[in-house]
Amino acid sequence: MDFRQFKQLLKYADHNAEAISQMPEVNLSKSYIFRDILKCYLVVKNGKFSFKNRLNRAFECLKHGVTSYTFVRYNKEYQLEEPKTTFSEMKRILVTGGAGFIGSHLCDRLVKEGNDVICLDNFYTGSKENVWHLIGKPNFEIVRHDVCQPYWAEIDEIYNLACPASPVYYQNDPIQTTKTSVFGAYFMLGLARRTKCKILQSSTSEVYGDPTVHPQPETYWGNVNMIGVRSCYDEGKRCAETLFYDYHRLHGLRIKIIRIFNTYGPRMAENDGRVISNFIMQALRGEDITIYGDGTQTRSFQYVSDLIEGMIRMMNSGDDFTGPVNIGNPGEFTMLELAEKVIAMTGSKSKIVFSPLPSDDPKMRKPDIALAKAKLNWEPKVGLDEGLKETIDYFKSRL
Ligand SMILES: NC(=O)c1ccc[n+]([C@@H]2O[C@H](COP(=O)([O-])OP(=O)(O)OC[C@H]3O[C@@H](n4cnc5c(N)ncnc54)[C@H](O)[C@@H]3O)[C@@H](O)[C@H]2O)c1
């Protein structure tokens with residue numbers, strides 16, 4: 001092995017830090033230690049490499065990884081990824097709404113995969129705190145900007161997430177909400193057209209309104225009130241889908257539309273009025289848990305990591321697959337079941353109380369994910385108990 005090959009191995013070690021540190025052969029918490037030790041050997045042995053014990057075996061893993069990227073040790077498979085070599089070879093990816101709940105998890109994943117990420121946000125519902133840990137990384141930058149105004153950058157992919165998702169916030173200024181969805185989509189599509197990049201729209205299950213078909217396939221056109229208090233969000237998102245398709249038909253843009261169903265996880269805002277954050281915060285504070293309606297209305301909840309996987313797979317799918325595709329967890333729960341589960345998992349003494357159902361609240365919502373399974377080989381992996389535990393721990397840490 002020559003010096004160039006050795007340097008390449010170090011690059012693999014860096015890039016695959018987490019995977020390597022999890023290998024049973026490598027009893028080191030961080031691969032940079034591993035890398036430093038390798039470097040020491042390089043110096044000490046002056047190009048003659050002799051590795052001992054565990055390090056030797058880990059090094060062998062890496063060596064094989066250069067050709068296959070897959071290792072089987074102790075019946076466990078490790079997938080090592082090829083590192084991006086230089087900044088100019090990285091994909092530059094724009095995430096609008098990147099400082100929000102979902103956007104920040106997406107930025108985490110894209111940065112970790114070695115992309116050059118621009119997080120664009122006006123911090124209406126998002127916060128710098130969500131991406132604080134990324135600030136300072138050379139492949140991450142944050143831009144304060146409102147998507148209702150044009151934005152220009154040289155980019156390879158756009159994930160368009162900017163839009164408040166919680167009813168409390170999107171109903172606070174409904175005109176701004178419609179503008180964000182419609183002008184935001186318009187300006188981002190313009191940018192995608194100029195840079196000839198791929199663009200993914202985070203649409204929503206709300207485009208189905210109060211559905212008369214259950215579960216909802218993508219072919220269902222929905223049952224939406226266009227003049228209600230939720231219409232600014234629902235119709236804004238529907239119009240954005242229309243714009244995406246018109247840019248695709250008229251200008252041949254490479255578009256991707258996903259319809260996200262209820263998603264939860266760490267970094268949801270605790271005061272955003274969504275059911276999971278409401279129930280958990282009420283339970284943790286020992287307050288009454290409020291169920292709107294009689295509690296028999298159902299919802300399905302997907303954990304945020306499942307959604308991020310679905311988004312990335314959609315972006316990386318062939319240009320001929322534009323969607324829309326549902327990304328959600330079909331596991332269905334009544335609000336009463338959810339409240340009881342949260343009380344049990346938090347060990348809370350909270351009582352359940354009932355309030356009238358808000359206007360246009362859908363009675364049931366459940367994704368048909370056959371298309372996502374067929375086209376993206378995607379389905380959710382995280383069950384409600386596992387996801388709730390992570391989310392409860394997060395909210396506990398913020399009390
Ligand atoms: N969370 C869900 O269950 C869910 C379900 C369906 C669809 N979605 C969609 O996913 C996307 C992200 O949702 P989220 O749950 O992370 O919500 P969020 O409110 O946490 O994130 C939205 C982000 O967009 C930013 N933003 C809002 N208006 C903006 C503007 N005019 N310019 C720039 N930035 C702006 C906010 O500051 C925030 O950081 C949204 O488009 C939402 O419609 C979410």
# chains A, B, ... in the order shown; residues from 1 in each chain; ligands from 1
$ residues_around --residues "Glu129 of chain A" --least-positions-apart "6" --cutoff "10 Å" --atoms "only C-alpha atoms" --output "VMD selection string"
chain A and resid 99 to 100 104 135 267
$ residues_near_ligand --ligand "ligand 1" --cutoff "8 Å" --atoms "only C-alpha atoms and all ligand atoms" --output "ChimeraX atom specification"
/A:96-104,120-127,144-148,160-166,169,176-177,179-181,184,201-206,233,237,259-264,267-269
$ write_last_selection --atoms "N, CA and C atoms" --output "compact mmCIF listing (two decimals), in the first residue's frame"
# COMPACT_ATOMS: atom_id res chain seq x y z
N THR A 96 -35.12 25.04 2.54
CA THR A 96 -35.88 26.17 3.07
C THR A 96 -36.67 25.67 4.27
N GLY A 97 -36.78 26.53 5.28
CA GLY A 97 -37.40 26.07 6.53
C GLY A 97 -36.48 25.13 7.28
N GLY A 98 -35.17 25.27 7.03
CA GLY A 98 -34.19 24.32 7.58
C GLY A 98 -33.99 24.43 9.08
N ALA A 99 -34.47 25.54 9.69
CA ALA A 99 -34.30 25.67 11.14
C ALA A 99 -35.56 25.22 11.89
N GLY A 100 -36.50 24.65 11.16
CA GLY A 100 -37.72 24.15 11.80
C GLY A 100 -37.54 22.74 12.33
N PHE A 101 -38.63 22.17 12.79
CA PHE A 101 -38.58 20.82 13.37
C PHE A 101 -38.05 19.80 12.34
N ILE A 102 -38.74 19.65 11.23
CA ILE A 102 -38.33 18.64 10.24
C ILE A 102 -37.06 19.09 9.51
N GLY A 103 -37.02 20.38 9.15
CA GLY A 103 -35.89 20.91 8.39
C GLY A 103 -34.56 20.68 9.11
N SER A 104 -34.55 20.84 10.43
CA SER A 104 -33.29 20.69 11.16
C SER A 104 -32.82 19.23 11.14
N LEU A 120 -32.05 27.84 4.88
CA LEU A 120 -32.66 29.17 4.71
C LEU A 120 -33.91 29.26 5.57
N ASP A 121 -34.04 30.30 6.35
CA ASP A 121 -35.18 30.37 7.27
C ASP A 121 -35.41 31.79 7.71
N ASN A 122 -36.68 32.15 7.99
CA ASN A 122 -36.93 33.49 8.56
C ASN A 122 -37.21 33.38 10.06
N PHE A 123 -37.10 32.17 10.61
CA PHE A 123 -37.24 31.90 12.05
C PHE A 123 -38.62 32.26 12.59
N TYR A 124 -39.64 32.17 11.74
CA TYR A 124 -41.00 32.46 12.22
C TYR A 124 -41.41 31.40 13.25
N THR A 125 -41.29 30.14 12.89
CA THR A 125 -41.58 29.07 13.86
C THR A 125 -40.33 28.25 14.18
N GLY A 126 -39.31 28.39 13.36
CA GLY A 126 -38.08 27.64 13.62
C GLY A 126 -37.15 28.45 14.50
N SER A 127 -36.01 27.87 14.83
CA SER A 127 -35.08 28.60 15.68
C SER A 127 -33.65 28.15 15.41
N ARG A 144 -30.67 34.00 6.85
CA ARG A 144 -31.96 34.54 7.27
C ARG A 144 -32.64 35.14 6.05
N HIS A 145 -33.76 34.57 5.67
CA HIS A 145 -34.41 35.02 4.43
C HIS A 145 -35.87 34.57 4.45
N ASP A 146 -36.73 35.39 3.86
CA ASP A 146 -38.15 35.04 3.74
C ASP A 146 -38.38 34.49 2.33
N VAL A 147 -38.95 33.29 2.23
CA VAL A 147 -39.12 32.68 0.88
C VAL A 147 -40.13 33.44 0.02
N CYS A 148 -40.84 34.41 0.61
CA CYS A 148 -41.75 35.21 -0.20
C CYS A 148 -40.99 36.22 -1.06
N ASN A 160 -37.95 22.17 -0.35
CA ASN A 160 -38.75 23.34 0.03
C ASN A 160 -39.69 23.01 1.19
N LEU A 161 -39.27 23.39 2.39
CA LEU A 161 -40.04 23.07 3.60
C LEU A 161 -40.62 24.30 4.28
N ALA A 162 -40.19 25.49 3.86
CA ALA A 162 -40.59 26.69 4.59
C ALA A 162 -42.10 26.85 4.61
N CYS A 163 -42.68 26.81 5.77
CA CYS A 163 -44.11 27.04 5.98
C CYS A 163 -44.44 26.62 7.41
N PRO A 164 -45.11 27.46 8.17
CA PRO A 164 -45.50 27.00 9.51
C PRO A 164 -46.46 25.82 9.37
N ALA A 165 -46.27 24.78 10.20
CA ALA A 165 -47.08 23.57 10.03
C ALA A 165 -48.12 23.41 11.14
N SER A 166 -47.97 24.21 12.19
CA SER A 166 -48.93 24.02 13.29
C SER A 166 -50.08 25.01 13.15
N TYR A 169 -49.86 28.55 14.61
CA TYR A 169 -49.03 29.55 13.91
C TYR A 169 -49.55 29.87 12.52
N GLN A 176 -50.17 35.57 5.40
CA GLN A 176 -48.73 35.25 5.29
C GLN A 176 -48.55 33.75 5.01
N THR A 177 -49.40 32.90 5.58
CA THR A 177 -49.27 31.45 5.37
C THR A 177 -49.50 31.10 3.90
N LYS A 179 -49.19 33.15 1.41
CA LYS A 179 -48.07 33.74 0.64
C LYS A 179 -46.83 32.84 0.72
N THR A 180 -46.55 32.34 1.93
CA THR A 180 -45.36 31.51 2.11
C THR A 180 -45.45 30.26 1.22
N SER A 181 -46.61 29.62 1.21
CA SER A 181 -46.74 28.41 0.39
C SER A 181 -46.66 28.73 -1.09
N GLY A 184 -43.52 31.25 -1.97
CA GLY A 184 -42.33 30.44 -1.65
C GLY A 184 -42.10 29.40 -2.74
N GLN A 201 -40.92 19.32 -2.98
CA GLN A 201 -41.90 20.09 -2.22
C GLN A 201 -42.43 19.25 -1.06
N SER A 202 -42.37 19.83 0.15
CA SER A 202 -42.99 19.13 1.29
C SER A 202 -44.44 19.55 1.36
N SER A 203 -45.28 18.76 0.71
CA SER A 203 -46.72 19.00 0.78
C SER A 203 -47.25 18.26 2.01
N THR A 204 -48.53 18.12 2.08
CA THR A 204 -49.11 17.64 3.34
C THR A 204 -50.35 16.78 3.10
N SER A 205 -50.67 15.96 4.07
CA SER A 205 -51.91 15.19 4.04
C SER A 205 -53.12 16.12 4.11
N GLU A 206 -52.88 17.39 4.54
CA GLU A 206 -54.01 18.33 4.61
C GLU A 206 -54.60 18.61 3.23
N TYR A 233 -53.65 27.19 4.89
CA TYR A 233 -52.61 26.17 4.84
C TYR A 233 -52.95 25.13 3.77
N LYS A 237 -51.01 24.87 0.16
CA LYS A 237 -50.22 23.68 -0.21
C LYS A 237 -50.74 23.06 -1.51
N ARG A 259 -46.27 14.04 0.17
CA ARG A 259 -47.36 14.48 1.06
C ARG A 259 -47.09 13.89 2.43
N ILE A 260 -46.69 14.77 3.34
CA ILE A 260 -46.27 14.33 4.67
C ILE A 260 -47.51 14.19 5.57
N PHE A 261 -47.58 13.06 6.26
CA PHE A 261 -48.63 12.88 7.27
C PHE A 261 -48.02 13.23 8.64
N ASN A 262 -48.91 13.40 9.63
CA ASN A 262 -48.48 13.81 10.99
C ASN A 262 -47.14 13.24 11.38
N THR A 263 -46.23 14.12 11.71
CA THR A 263 -44.88 13.69 12.08
C THR A 263 -44.54 14.25 13.45
N TYR A 264 -43.79 13.49 14.23
CA TYR A 264 -43.43 13.96 15.57
C TYR A 264 -42.01 13.55 15.89
N ARG A 267 -37.44 18.26 18.95
CA ARG A 267 -37.39 19.59 18.32
C ARG A 267 -38.73 20.09 17.83
N MET A 268 -39.81 19.34 18.09
CA MET A 268 -41.13 19.95 17.86
C MET A 268 -41.23 21.08 18.87
N ALA A 269 -41.90 22.17 18.48
CA ALA A 269 -42.06 23.25 19.45
C ALA A 269 -43.10 22.82 20.48
$ select_by_dssp --residues "segment 82-165 of chain A" --states "alpha helix (DSSP H)" --output "JSON list (two decimals) with N, CA and C atoms, in the first residue's frame"
[["chain", "number", "residue", "atom", "x", "y", "z"],
["A", 101, "PHE", "N", -38.63, 22.17, 12.79],
["A", 101, "PHE", "CA", -38.58, 20.82, 13.37],
["A", 101, "PHE", "C", -38.05, 19.80, 12.34],
["A", 102, "ILE", "N", -38.74, 19.65, 11.23],
["A", 102, "ILE", "CA", -38.33, 18.64, 10.24],
["A", 102, "ILE", "C", -37.06, 19.09, 9.51],
["A", 103, "GLY", "N", -37.02, 20.38, 9.15],
["A", 103, "GLY", "CA", -35.89, 20.91, 8.39],
["A", 103, "GLY", "C", -34.56, 20.68, 9.11],
["A", 104, "SER", "N", -34.55, 20.84, 10.43],
["A", 104, "SER", "CA", -33.29, 20.69, 11.16],
["A", 104, "SER", "C", -32.82, 19.23, 11.14],
["A", 105, "HIS", "N", -33.75, 18.29, 11.20],
["A", 105, "HIS", "CA", -33.35, 16.87, 11.11],
["A", 105, "HIS", "C", -32.83, 16.56, 9.70],
["A", 106, "LEU", "N", -33.46, 17.18, 8.71],
["A", 106, "LEU", "CA", -33.00, 16.97, 7.34],
["A", 106, "LEU", "C", -31.59, 17.55, 7.16],
["A", 107, "CYS", "N", -31.35, 18.76, 7.70],
["A", 107, "CYS", "CA", -30.01, 19.36, 7.62],
["A", 107, "CYS", "C", -28.99, 18.43, 8.29],
["A", 108, "ASP", "N", -29.34, 17.90, 9.47],
["A", 108, "ASP", "CA", -28.43, 16.97, 10.17],
["A", 108, "ASP", "C", -27.98, 15.86, 9.24],
["A", 109, "ARG", "N", -28.96, 15.24, 8.60],
["A", 109, "ARG", "CA", -28.68, 14.08, 7.76],
["A", 109, "ARG", "C", -27.84, 14.47, 6.53],
["A", 110, "LEU", "N", -28.21, 15.59, 5.91],
["A", 110, "LEU", "CA", -27.50, 16.00, 4.68],
["A", 110, "LEU", "C", -26.07, 16.43, 4.99],
["A", 111, "VAL", "N", -25.89, 17.12, 6.12],
["A", 111, "VAL", "CA", -24.54, 17.53, 6.52],
["A", 111, "VAL", "C", -23.71, 16.29, 6.83],
["A", 112, "LYS", "N", -24.32, 15.36, 7.56],
["A", 112, "LYS", "CA", -23.59, 14.14, 7.94],
["A", 112, "LYS", "C", -23.16, 13.35, 6.70]]
$ residues_around --residues "Asp294 of chain A" --least-positions-apart "2" --cutoff "12 Å" --atoms "only C-alpha atoms" --output "NGL selection string"
:A and (290-292 or 296-298 or 334-337 or 352-358 or 363)
$ residues_around --residues "Asp319 of chain A" --least-positions-apart "5" --cutoff "9 Å" --atoms "only C-alpha atoms" --output "list in words"
Lys198, Arg254, Ile255 and Lys256 of chain A
$ write_last_selection --atoms "N, CA and C atoms" --output "PDB file, in the first residue's frame"
ATOM      1  N   LYS A 198     -32.856  19.831  -9.135  1.00  0.00           N
ATOM      2  CA  LYS A 198     -34.034  19.078  -8.686  1.00  0.00           C
ATOM      3  C   LYS A 198     -34.678  19.811  -7.531  1.00  0.00           C
ATOM      4  N   ARG A 254     -37.357  19.164 -12.974  1.00  0.00           N
ATOM      5  CA  ARG A 254     -37.328  17.866 -12.271  1.00  0.00           C
ATOM      6  C   ARG A 254     -37.923  18.068 -10.879  1.00  0.00           C
ATOM      7  N   ILE A 255     -39.210  17.729 -10.749  1.00  0.00           N
ATOM      8  CA  ILE A 255     -39.891  17.991  -9.477  1.00  0.00           C
ATOM      9  C   ILE A 255     -40.151  16.694  -8.707  1.00  0.00           C
ATOM     10  N   LYS A 256     -40.325  16.869  -7.395  1.00  0.00           N
ATOM     11  CA  LYS A 256     -40.643  15.763  -6.488  1.00  0.00           C
ATOM     12  C   LYS A 256     -41.641  16.302  -5.478  1.00  0.00           C
TER      13      LYS A 256
END
$ closest_residue --among "A:Asp210, A:Asp156, A:Glu235, A:Glu340" --to "Val182 of chain A" --atoms "only C-alpha atoms"
A:Glu235
$ residues_around --residues "Glu309 of chain A" --least-positions-apart "4" --cutoff "8 Å" --atoms "only C-alpha atoms" --output "JSON, numbers by chain"
{"A": [305, 313, 378]}
$ write_last_selection --atoms "N, CA and C atoms" --output "mmCIF file, in the first residue's frame"
data_model
loop_
_atom_site.group_PDB
_atom_site.id
_atom_site.type_symbol
_atom_site.label_atom_id
_atom_site.label_comp_id
_atom_site.auth_asym_id
_atom_site.auth_seq_id
_atom_site.Cartn_x
_atom_site.Cartn_y
_atom_site.Cartn_z
ATOM 1 N N SER A 305 -37.419 10.410 11.953
ATOM 2 C CA SER A 305 -36.321 9.770 11.199
ATOM 3 C C SER A 305 -36.864 8.980 10.002
ATOM 4 N N ARG A 313 -34.929 9.408 -0.016
ATOM 5 C CA ARG A 313 -35.156 8.413 -1.085
ATOM 6 C C ARG A 313 -35.919 9.031 -2.247
ATOM 7 N N TRP A 378 -39.738 2.134 0.507
ATOM 8 C CA TRP A 378 -39.741 2.806 1.814
ATOM 9 C C TRP A 378 -40.952 2.399 2.620
#
$ residues_around --residues "Glu241 of chain A" --least-positions-apart "2" --cutoff "9 Å" --atoms "only C-alpha atoms" --output "list in words"
Ala185, Gln201, Ser203, Gly236, Lys237, Arg238, Cys239, Leu243, Phe244, Tyr245, Asp246, Ile257 and Pro324 of chain A
$ write_last_selection --atoms "C-alpha atoms" --output "mmCIF file, in the first residue's frame"
data_model
loop_
_atom_site.group_PDB
_atom_site.id
_atom_site.type_symbol
_atom_site.label_atom_id
_atom_site.label_comp_id
_atom_site.auth_asym_id
_atom_site.auth_seq_id
_atom_site.Cartn_x
_atom_site.Cartn_y
_atom_site.Cartn_z
ATOM 1 C CA ALA A 185 -43.032 27.668 -4.173
ATOM 2 C CA GLN A 201 -41.897 20.089 -2.216
ATOM 3 C CA SER A 203 -46.717 18.998 0.780
ATOM 4 C CA GLY A 236 -51.785 27.140 -0.093
ATOM 5 C CA LYS A 237 -50.217 23.682 -0.211
ATOM 6 C CA ARG A 238 -52.617 22.551 -2.958
ATOM 7 C CA CYS A 239 -51.750 25.603 -5.054
ATOM 8 C CA LEU A 243 -47.354 25.290 -9.504
ATOM 9 C CA PHE A 244 -44.883 22.420 -9.240
ATOM 10 C CA TYR A 245 -46.743 20.422 -11.880
ATOM 11 C CA ASP A 246 -47.118 23.416 -14.204
ATOM 12 C CA ILE A 257 -43.734 16.091 -4.314
ATOM 13 C CA PRO A 324 -47.053 13.060 -5.293
#
$ residues_around --residues "Pro138 of chain A" --least-positions-apart "6" --cutoff "12 Å" --atoms "only C-alpha atoms" --output "CSV table (one decimal) with C-alpha atoms, in the first residue's frame"
chain,number,residue,atom,x,y,z
A,86,THR,CA,-13.6,17.9,-2.3
A,87,PHE,CA,-15.9,20.8,-1.7
A,90,MET,CA,-20.1,18.0,-2.9
A,111,VAL,CA,-24.5,17.5,6.5
A,112,LYS,CA,-23.6,14.1,7.9
A,114,GLY,CA,-21.0,15.2,3.4
A,115,ASN,CA,-23.2,17.6,1.4
A,116,ASP,CA,-22.7,21.4,1.3
A,117,VAL,CA,-26.0,22.5,3.0
A,118,ILE,CA,-27.6,26.0,3.0
$ atom_distance --atom1 "atom CA of His251 of chain A" --atom2 "atom CA of Tyr220 of chain A"
26.0 Å
$ select_by_dssp --residues "segment 281-347 of chain A" --states "strand (DSSP E)" --output "ChimeraX atom specification"
/A:289-292,298-300,302-303,325-327,332-334
$ closest_residue --among "A:Met281, A:Val342, A:Ile308, A:Leu371" --to "Gly323 of chain A" --atoms "only C-alpha atoms"
A:Leu371
$ atom_distance --atom1 "atom CA of Ser348 of chain A" --atom2 "atom CA of Lys381 of chain A"
27.4 Å
$ closest_residue --among "A:Lys396, A:Arg193, A:Arg299, A:Arg249" --to "Pro362 of chain A" --atoms "only C-alpha atoms"
A:Arg299
